$ cat coords.tsv   # TSV, C-alpha atoms and all ligand atoms
chain	number	residue	atom	x	y	z
A	14	MET	CA	-12.95	5.85	6.83
A	15	LEU	CA	-11.35	3.76	4.10
A	16	ALA	CA	-7.69	2.86	4.61
A	17	PRO	CA	-7.00	2.12	0.95
A	18	ALA	CA	-4.68	-0.56	-0.39
A	19	LYS	CA	-1.46	0.93	-1.75
A	20	ILE	CA	-0.42	-0.47	-5.11
A	21	ASN	CA	3.20	-0.13	-6.28
A	22	LEU	CA	2.58	-0.05	-10.03
A	23	ALA	CA	6.37	0.10	-10.57
A	24	LEU	CA	9.18	-0.13	-8.02
A	25	HIS	CA	12.87	0.28	-8.80
A	26	VAL	CA	15.48	-0.19	-6.07
A	27	THR	CA	18.13	2.43	-6.79
A	28	GLY	CA	20.53	2.20	-3.84
A	29	GLN	CA	20.96	1.56	-0.14
A	30	ARG	CA	21.55	3.99	2.73
A	31	PRO	CA	24.29	3.40	5.31
A	32	ASP	CA	21.56	2.43	7.83
A	33	GLY	CA	20.47	-0.44	5.57
A	34	TYR	CA	17.22	1.08	4.23
A	35	HIS	CA	16.85	0.85	0.48
A	36	LEU	CA	16.40	3.79	-1.87
A	37	LEU	CA	13.36	3.39	-4.07
A	38	ASP	CA	11.76	5.03	-7.07
A	39	THR	CA	8.15	3.91	-7.10
A	40	LEU	CA	4.90	4.82	-8.87
A	41	VAL	CA	2.02	4.32	-6.46
A	42	ALA	CA	-1.76	4.45	-6.76
A	43	PHE	CA	-4.47	3.69	-4.19
A	44	ALA	CA	-7.41	1.31	-4.56
A	45	ASP	CA	-11.05	1.88	-3.69
A	46	PHE	CA	-10.74	-1.26	-1.54
A	47	GLY	CA	-9.00	-1.53	1.82
A	48	ASP	CA	-9.44	-1.73	5.57
A	49	ARG	CA	-11.76	0.64	7.46
A	50	VAL	CA	-10.79	2.62	10.54
A	51	SER	CA	-13.13	4.39	12.95
A	52	VAL	CA	-12.43	6.77	15.83
A	53	SER	CA	-15.00	7.88	18.40
A	54	ALA	CA	-15.11	9.60	21.78
A	55	ALA	CA	-15.12	7.10	24.67
A	56	ASP	CA	-14.84	6.91	28.48
A	57	THR	CA	-11.60	4.95	28.22
A	58	ASN	CA	-9.10	4.26	25.46
A	59	SER	CA	-9.80	1.10	23.51
A	60	PHE	CA	-8.92	-0.73	20.32
A	61	ALA	CA	-10.98	-3.43	18.60
A	62	CYS	CA	-10.05	-5.33	15.47
A	63	SER	CA	-12.79	-7.09	13.49
A	64	GLY	CA	-13.47	-8.13	9.90
A	65	PRO	CA	-12.55	-11.02	7.59
A	66	ARG	CA	-8.78	-10.57	8.07
A	67	ALA	CA	-8.77	-9.89	11.82
A	68	ALA	CA	-6.14	-11.96	13.62
A	69	PRO	CA	-5.01	-12.19	17.26
A	70	GLU	CA	-1.58	-10.76	16.41
A	71	LEU	CA	-3.27	-7.52	15.26
A	72	ASP	CA	-4.98	-6.98	18.62
A	73	THR	CA	-1.86	-5.93	20.48
A	74	ALA	CA	-0.36	-2.72	21.85
A	75	ASP	CA	2.10	-2.48	18.94
A	76	ASN	CA	-0.66	-2.32	16.33
A	77	LEU	CA	0.13	0.63	14.07
A	78	CYS	CA	-3.27	2.23	14.86
A	79	LEU	CA	-2.28	2.47	18.53
A	80	ARG	CA	1.24	3.58	17.70
A	81	ALA	CA	-0.33	6.33	15.56
A	82	ARG	CA	-2.49	7.42	18.51
A	83	ASP	CA	0.48	7.43	20.89
A	84	ALA	CA	2.76	9.30	18.46
A	85	LEU	CA	0.12	12.00	17.98
A	86	ARG	CA	-0.42	12.28	21.75
A	87	ALA	CA	3.33	12.65	22.27
A	88	ALA	CA	3.41	15.48	19.71
A	89	PHE	CA	0.30	17.28	21.10
A	90	PRO	CA	0.16	16.30	24.80
A	91	ASP	CA	-2.24	19.09	25.85
A	92	MET	CA	-4.73	18.74	23.01
A	93	SER	CA	-5.10	14.97	22.78
A	94	ARG	CA	-6.06	13.81	26.27
A	95	ASP	CA	-9.67	12.82	25.51
A	96	PRO	CA	-9.96	9.03	25.42
A	97	VAL	CA	-10.82	7.45	22.07
A	98	ALA	CA	-12.19	4.12	20.86
A	99	ILE	CA	-10.40	3.01	17.70
A	100	GLY	CA	-11.95	0.34	15.49
A	101	LEU	CA	-10.17	-1.51	12.70
A	102	ASP	CA	-12.19	-3.52	10.17
A	103	LYS	CA	-9.43	-5.64	8.62
A	104	ARG	CA	-10.05	-6.66	5.01
A	105	LEU	CA	-6.56	-6.65	3.47
A	106	PRO	CA	-4.26	-9.63	3.97
A	107	VAL	CA	-1.51	-8.98	6.53
A	108	ALA	CA	2.11	-8.59	5.31
A	109	SER	CA	1.01	-8.61	1.69
A	110	GLY	CA	2.73	-5.71	-0.12
A	111	VAL	CA	-0.29	-3.40	-0.30
A	112	GLY	CA	0.59	-1.30	2.74
A	113	GLY	CA	-2.35	-2.41	4.89
A	114	GLY	CA	-0.76	-1.63	8.25
A	115	SER	CA	0.71	1.65	6.97
A	116	SER	CA	-2.62	2.72	5.47
A	117	ASP	CA	-4.43	1.85	8.74
A	118	CYS	CA	-1.84	3.96	10.57
A	119	ALA	CA	-2.15	6.91	8.15
A	120	THR	CA	-5.96	6.82	8.33
A	121	THR	CA	-5.89	6.70	12.14
A	122	LEU	CA	-3.60	9.76	12.19
A	123	LYS	CA	-5.98	11.72	9.93
A	124	LEU	CA	-9.07	10.71	11.94
A	125	LEU	CA	-7.45	11.54	15.28
A	126	ALA	CA	-6.07	14.87	14.03
A	127	ALA	CA	-9.64	15.81	13.05
A	128	HIS	CA	-11.17	14.36	16.25
A	129	TRP	CA	-8.83	16.28	18.56
A	130	LYS	CA	-8.91	19.34	16.23
A	131	LEU	CA	-5.12	19.43	16.03
A	132	PRO	CA	-3.49	22.25	14.04
A	133	ILE	CA	-1.60	19.97	11.64
A	134	ASP	CA	-1.59	19.27	7.90
A	135	VAL	CA	-0.66	16.13	5.96
A	136	ASN	CA	2.99	17.17	5.53
A	137	LYS	CA	3.48	17.68	9.28
A	138	LEU	CA	1.62	14.43	9.97
A	139	ALA	CA	4.14	12.72	7.68
A	140	MET	CA	7.02	13.93	9.86
A	141	ILE	CA	5.38	12.44	12.95
A	142	ALA	CA	4.51	9.26	11.04
A	143	MET	CA	7.82	8.52	9.33
A	144	PRO	CA	9.30	6.59	12.31
A	145	LEU	CA	6.26	4.26	12.08
A	146	GLY	CA	7.14	3.04	8.59
A	147	ALA	CA	8.64	4.08	5.28
A	148	ASP	CA	5.26	3.79	3.50
A	149	LEU	CA	3.54	6.24	5.86
A	150	PRO	CA	4.14	9.47	3.86
A	151	MET	CA	2.66	7.90	0.71
A	152	CYS	CA	-0.28	6.38	2.57
A	153	LEU	CA	-1.11	9.79	4.09
A	154	GLN	CA	-1.43	11.18	0.54
A	155	ALA	CA	-3.62	8.28	-0.67
A	156	ALA	CA	-3.49	9.60	-4.27
A	157	PRO	CA	-1.35	8.80	-7.33
A	158	LEU	CA	2.26	9.76	-6.69
A	159	ILE	CA	5.91	8.97	-7.21
A	160	ALA	CA	7.90	8.30	-4.04
A	161	ARG	CA	11.68	8.43	-3.81
A	162	GLY	CA	14.31	8.18	-1.07
A	163	ILE	CA	13.08	5.46	1.27
A	164	GLY	CA	9.55	6.72	0.61
A	165	GLU	CA	9.70	10.14	2.25
A	166	GLN	CA	10.16	12.23	-0.93
A	167	ILE	CA	6.69	12.50	-2.44
A	168	GLU	CA	5.75	13.89	-5.83
A	169	ARG	CA	1.94	14.05	-6.14
A	170	LEU	CA	0.84	13.52	-9.74
A	171	THR	CA	-1.45	16.17	-11.16
A	172	GLU	CA	-2.60	13.93	-14.00
A	173	PHE	CA	-3.14	10.17	-13.78
A	174	PRO	CA	-5.84	7.81	-15.10
A	175	GLU	CA	-8.15	5.58	-13.07
A	176	LEU	CA	-7.19	1.94	-13.55
A	177	HIS	CA	-9.37	-1.16	-13.22
A	178	LEU	CA	-7.48	-3.82	-11.29
A	179	VAL	CA	-7.83	-7.22	-9.77
A	180	LEU	CA	-5.77	-7.77	-6.61
A	181	ALA	CA	-4.83	-11.39	-5.97
A	182	ASN	CA	-2.86	-12.93	-3.13
A	183	PRO	CA	-2.18	-16.67	-2.94
A	184	GLY	CA	-2.17	-16.67	0.86
A	185	VAL	CA	1.51	-16.46	1.68
A	186	ALA	CA	2.63	-13.76	4.12
A	187	VAL	CA	5.94	-12.27	3.05
A	188	ALA	CA	8.22	-10.33	5.43
A	189	THR	CA	9.62	-7.25	3.66
A	190	PRO	CA	13.16	-7.47	5.16
A	191	ASP	CA	13.51	-11.07	3.88
A	192	ILE	CA	12.80	-9.90	0.33
A	193	PHE	CA	15.22	-6.95	0.49
A	194	ARG	CA	17.90	-9.32	1.81
A	195	ARG	CA	17.52	-11.49	-1.30
A	196	LEU	CA	18.11	-8.60	-3.70
A	197	THR	CA	21.29	-9.14	-5.68
A	198	ASN	CA	21.42	-5.78	-7.48
A	199	LYS	CA	20.62	-2.75	-5.32
A	200	SER	CA	21.65	0.01	-7.72
A	201	ASN	CA	19.20	-0.07	-10.60
A	202	GLN	CA	18.23	2.78	-12.90
A	203	PRO	CA	15.51	5.13	-11.63
A	204	LEU	CA	12.06	5.09	-13.26
A	205	PRO	CA	11.92	6.65	-16.72
A	206	PRO	CA	9.93	9.93	-16.99
A	207	LEU	CA	6.17	9.43	-17.15
A	208	PRO	CA	4.53	10.06	-20.54
A	209	ALA	CA	3.21	13.59	-21.05
A	210	GLN	CA	-0.22	12.28	-22.02
A	211	ARG	CA	-1.44	9.88	-19.33
A	212	ASP	CA	-4.29	7.55	-20.16
A	213	ALA	CA	-4.54	3.85	-19.31
A	214	ALA	CA	-2.93	2.79	-22.61
A	215	THR	CA	0.10	5.12	-22.33
A	216	ILE	CA	0.60	4.19	-18.67
A	217	ILE	CA	0.49	0.46	-19.48
A	218	ALA	CA	3.03	1.00	-22.28
A	219	TRP	CA	5.22	2.90	-19.79
A	220	LEU	CA	4.82	0.16	-17.16
A	221	ASP	CA	6.08	-2.37	-19.73
A	222	ALA	CA	9.42	-0.53	-19.67
A	223	THR	CA	9.64	-0.63	-15.85
A	224	ARG	CA	9.91	-3.35	-13.16
A	225	ASN	CA	9.22	-4.28	-9.62
A	226	ASP	CA	12.76	-5.14	-8.53
A	227	LEU	CA	11.38	-7.04	-5.54
A	228	GLN	CA	9.34	-9.42	-7.69
A	229	ALA	CA	12.07	-11.92	-8.60
A	230	PRO	CA	13.40	-12.24	-5.02
A	231	ALA	CA	9.82	-12.62	-3.75
A	232	ILE	CA	9.05	-15.40	-6.26
A	233	SER	CA	12.26	-17.20	-5.25
A	234	LEU	CA	11.04	-17.15	-1.63
A	235	ALA	CA	7.38	-17.82	-2.38
A	236	PRO	CA	6.92	-19.52	-5.79
A	237	LEU	CA	3.12	-19.30	-5.49
A	238	ILE	CA	3.50	-15.63	-6.45
A	239	GLY	CA	4.45	-16.84	-9.94
A	240	ASP	CA	1.21	-18.89	-10.08
A	241	CYS	CA	-0.73	-15.82	-9.01
A	242	LEU	CA	0.77	-13.67	-11.79
A	243	ALA	CA	-0.02	-16.44	-14.30
A	244	ALA	CA	-3.63	-16.69	-13.08
A	245	LEU	CA	-4.09	-12.93	-13.62
A	246	GLY	CA	-2.46	-13.19	-17.05
A	247	HIS	CA	-4.83	-15.99	-18.10
A	248	THR	CA	-7.93	-13.89	-17.42
A	249	GLY	CA	-7.32	-11.14	-19.95
A	250	ALA	CA	-5.21	-8.71	-17.91
A	251	GLN	CA	-3.46	-6.12	-20.06
A	252	PHE	CA	-0.60	-5.99	-17.56
A	253	VAL	CA	0.36	-8.01	-14.45
A	254	ARG	CA	2.88	-7.38	-11.68
A	255	MET	CA	3.48	-7.91	-7.95
A	256	SER	CA	2.97	-4.95	-5.56
A	257	GLY	CA	5.58	-3.91	-2.97
A	258	SER	CA	7.46	-6.86	-1.47
A	259	GLY	CA	4.52	-9.17	-2.22
A	260	ALA	CA	2.79	-11.45	-2.20
A	261	THR	CA	-0.20	-9.47	-3.56
A	262	CYS	CA	-0.20	-9.17	-7.35
A	263	PHE	CA	-2.37	-7.01	-9.57
A	264	GLY	CA	-3.72	-7.23	-13.10
A	265	ILE	CA	-4.88	-4.18	-15.06
A	266	TYR	CA	-8.07	-4.70	-17.10
A	267	SER	CA	-9.83	-2.63	-19.75
A	268	ASP	CA	-12.98	-1.99	-17.67
A	269	ARG	CA	-14.80	-2.88	-14.49
A	270	GLN	CA	-16.84	-5.69	-15.99
A	271	THR	CA	-13.75	-7.49	-17.34
A	272	ALA	CA	-12.07	-7.09	-13.95
A	273	ASP	CA	-15.18	-8.45	-12.16
A	274	LEU	CA	-15.33	-11.51	-14.44
A	275	ALA	CA	-11.58	-12.11	-14.07
A	276	ALA	CA	-11.84	-11.98	-10.28
A	277	GLN	CA	-14.73	-14.49	-10.34
A	278	GLU	CA	-12.76	-16.84	-12.57
A	279	ILE	CA	-9.60	-16.70	-10.43
A	280	LEU	CA	-11.66	-17.31	-7.28
A	281	ARG	CA	-13.37	-20.25	-8.93
A	282	GLN	CA	-9.99	-21.83	-9.63
A	283	HIS	CA	-8.40	-20.78	-6.32
A	284	PRO	CA	-11.16	-20.52	-3.71
A	285	GLY	CA	-8.63	-19.99	-0.91
A	286	TRP	CA	-6.95	-16.94	-2.43
A	287	PHE	CA	-7.68	-13.31	-1.62
A	288	VAL	CA	-9.09	-11.88	-4.86
A	289	VAL	CA	-10.88	-8.53	-5.29
A	290	PRO	CA	-11.73	-6.36	-8.29
A	291	THR	CA	-11.00	-2.71	-7.57
A	292	ARG	CA	-10.32	0.66	-9.19
A	293	THR	CA	-7.46	2.98	-8.38
A	294	GLY	CA	-8.24	6.67	-7.96
A	295	GLY	CA	-7.00	9.04	-10.65
A	296	ALA	CA	-5.60	12.56	-10.42
A	301	LIG	O1	9.65	0.87	7.47
A	301	LIG	P1	8.86	-0.31	7.04
A	301	LIG	O2	8.06	-0.94	8.12
A	301	LIG	O3	8.07	0.01	5.83
A	301	LIG	O4	9.91	-1.39	6.53
A	301	LIG	C1	10.07	-2.70	7.04
A	301	LIG	C2	11.48	-3.18	6.72
A	301	LIG	O5	11.67	-3.26	5.31
A	301	LIG	C3	12.58	-2.28	7.23
A	301	LIG	O6	12.92	-2.57	8.55
A	301	LIG	C4	13.71	-2.60	6.27
A	301	LIG	O7	14.35	-3.81	6.62
A	301	LIG	C5	12.99	-2.86	4.96
A	301	LIG	N1	12.92	-1.66	4.10
A	301	LIG	C6	14.06	-1.26	3.41
A	301	LIG	N2	13.99	-0.15	2.59
A	301	LIG	C7	12.85	0.56	2.48
A	301	LIG	C8	11.70	0.17	3.19
A	301	LIG	C9	11.76	-0.95	4.00
A	301	LIG	O8	15.11	-1.90	3.47
A	301	LIG	N3	12.82	1.64	1.70

$ encode --input "coords.tsv" --output "structure tokens"
Amino acid sequence: MLAPAKINLALHVTGQRPDGYHLLDTLVAFADFGDRVSVSAADTNSFACSGPRAAPELDTADNLCLRARDALRAAFPDMSRDPVAIGLDKRLPVASGVGGGSSDCATTLKLLAAHWKLPIDVNKLAMIAMPLGADLPMCLQAAPLIARGIGEQIERLTEFPELHLVLANPGVAVATPDIFRRLTNKSNQPLPPLPAQRDAATIIAWLDATRNDLQAPAISLAPLIGDCLAALGHTGAQFVRMSGSGATCFGIYSDRQTADLAAQEILRQHPGWFVVPTRTGGA
């Protein structure tokens, strides 16, 4: 099952809670590209990580797929005893602002809830998942939405266009807490209301009036992010921005073919970067 990349199309930091977590107002969509998670019945519990982005540090007991399994077992001890083999095909760069680990975790929760036939819906899964990361409630939805609070207040959008994107990451891993620490202003305005009519053109015009408040602190820590945004801008993107706390950036293109050609051109110039054309799901 696809664990889709989460794209923060806009992200305003609007405050900070006493426990240090930041209050956000973020418009999120999900790509048709991501990691893949599998769950199957097995004689013993196991976890195997493979794929182009597999790394030794992912193959440990604190991987979010295993923490998802253990959290679900703790919540349903009698119904979740059967051993399971969990497979993670890692395709998204690690620590890259597109919610890879959170999406893997959310997908594992959904697959295990179905496998063990647990009586639980997405909203209850979100309550179990929240301690595993602030992005978990949005990744469980995997559809266009606005998230507020620290990410736990979800407003699913009933109308939203599909967007053709290129995701590009210059190969720098960025730790989210480091970026939040560099924020100078933590009480920005919330997002403006979305336009009533939502097609790609009106959403791009709306995005022009919004920000990712984490982008400037991320560029100051990892200047290559600026190069990445410029590379997207030079290939005909109608709009470019960084997602989450970076370093992955996205460009929005008029159609799939333009996005494909842009991705090829960026890869030609930067063969070491992670670059994929993708489409975000609409509502
Ligand atoms: O919970 P999650 O793993 O997504 O967040 C990682 C870190 O990012 C947190 O420990 C916190 O330092 C920071 N963070 C924050 N405000 C948020 C989300 C994350 O300060 N809303």

$ closest_residue --input "coords.tsv" --among "A:Arg49, A:Arg211, A:Arg82, A:Arg30" --to "ligand LIG 301 (chain A)" --atoms "only C-alpha atoms and all ligand atoms"
A:Arg30

$ residues_near_point --input "coords.tsv" --point "(1.5, 14.8, -11.3)" --cutoff "8 Å" --atoms "only C-alpha atoms" --output "list in words"
Pro157, Leu158, Glu168, Arg169, Leu170, Thr171, Glu172, Phe173 and Ala296 of chain A

$ closest_residue --input "coords.tsv" --among "A:Ala84, A:Met151, A:Ile159, A:Cys241" --to "Leu125 of chain A" --atoms "only C-alpha atoms"
A:Ala84

$ residues_near_ligand --input "coords.tsv" --ligand "ligand LIG 301 (chain A)" --cutoff "6 Å" --atoms "all atoms listed in the file" --output "list in words"
Gly33, Tyr34, His35, Leu36, Gly146, Ala147, Asp148, Ile163, Thr189, Pro190 and Phe193 of chain A

$ residues_around --input "coords.tsv" --residues "segment 95-109 of chain A" --least-positions-apart "3" --cutoff "6 Å" --atoms "all atoms listed in the file" --output "list in words"
Gly47, Asp48, Arg49, Val50, Ser51, Val52, Ser53, Ala54, Ala55, Thr57, Asn58, Ser59, Phe60, Ala61, Cys62, Ser63, Gly64, Pro65, Arg66, Ala67, Ala186, Val187, Gly259, Ala260 and Thr261 of chain A

$ atom_distance --input "coords.tsv" --atom1 "atom CA of Ser267 of chain A" --atom2 "atom CA of Lys19 of chain A"
20.2 Å

$ atom_distance --input "coords.tsv" --atom1 "atom CA of Pro132 of chain A" --atom2 "atom CA of Asp75 of chain A"
25.8 Å

$ residues_around --input "coords.tsv" --residues "segment 142-144 of chain A" --least-positions-apart "3" --cutoff "12 Å" --atoms "only C-alpha atoms" --output "JSON, numbers by chain"
{"A": [77, 78, 80, 81, 82, 83, 84, 85, 87, 88, 115, 116, 117, 118, 119, 120, 121, 122, 123, 135, 136, 137, 138, 139, 147, 148, 149, 150, 151, 152, 153, 163, 164, 165, 166]}
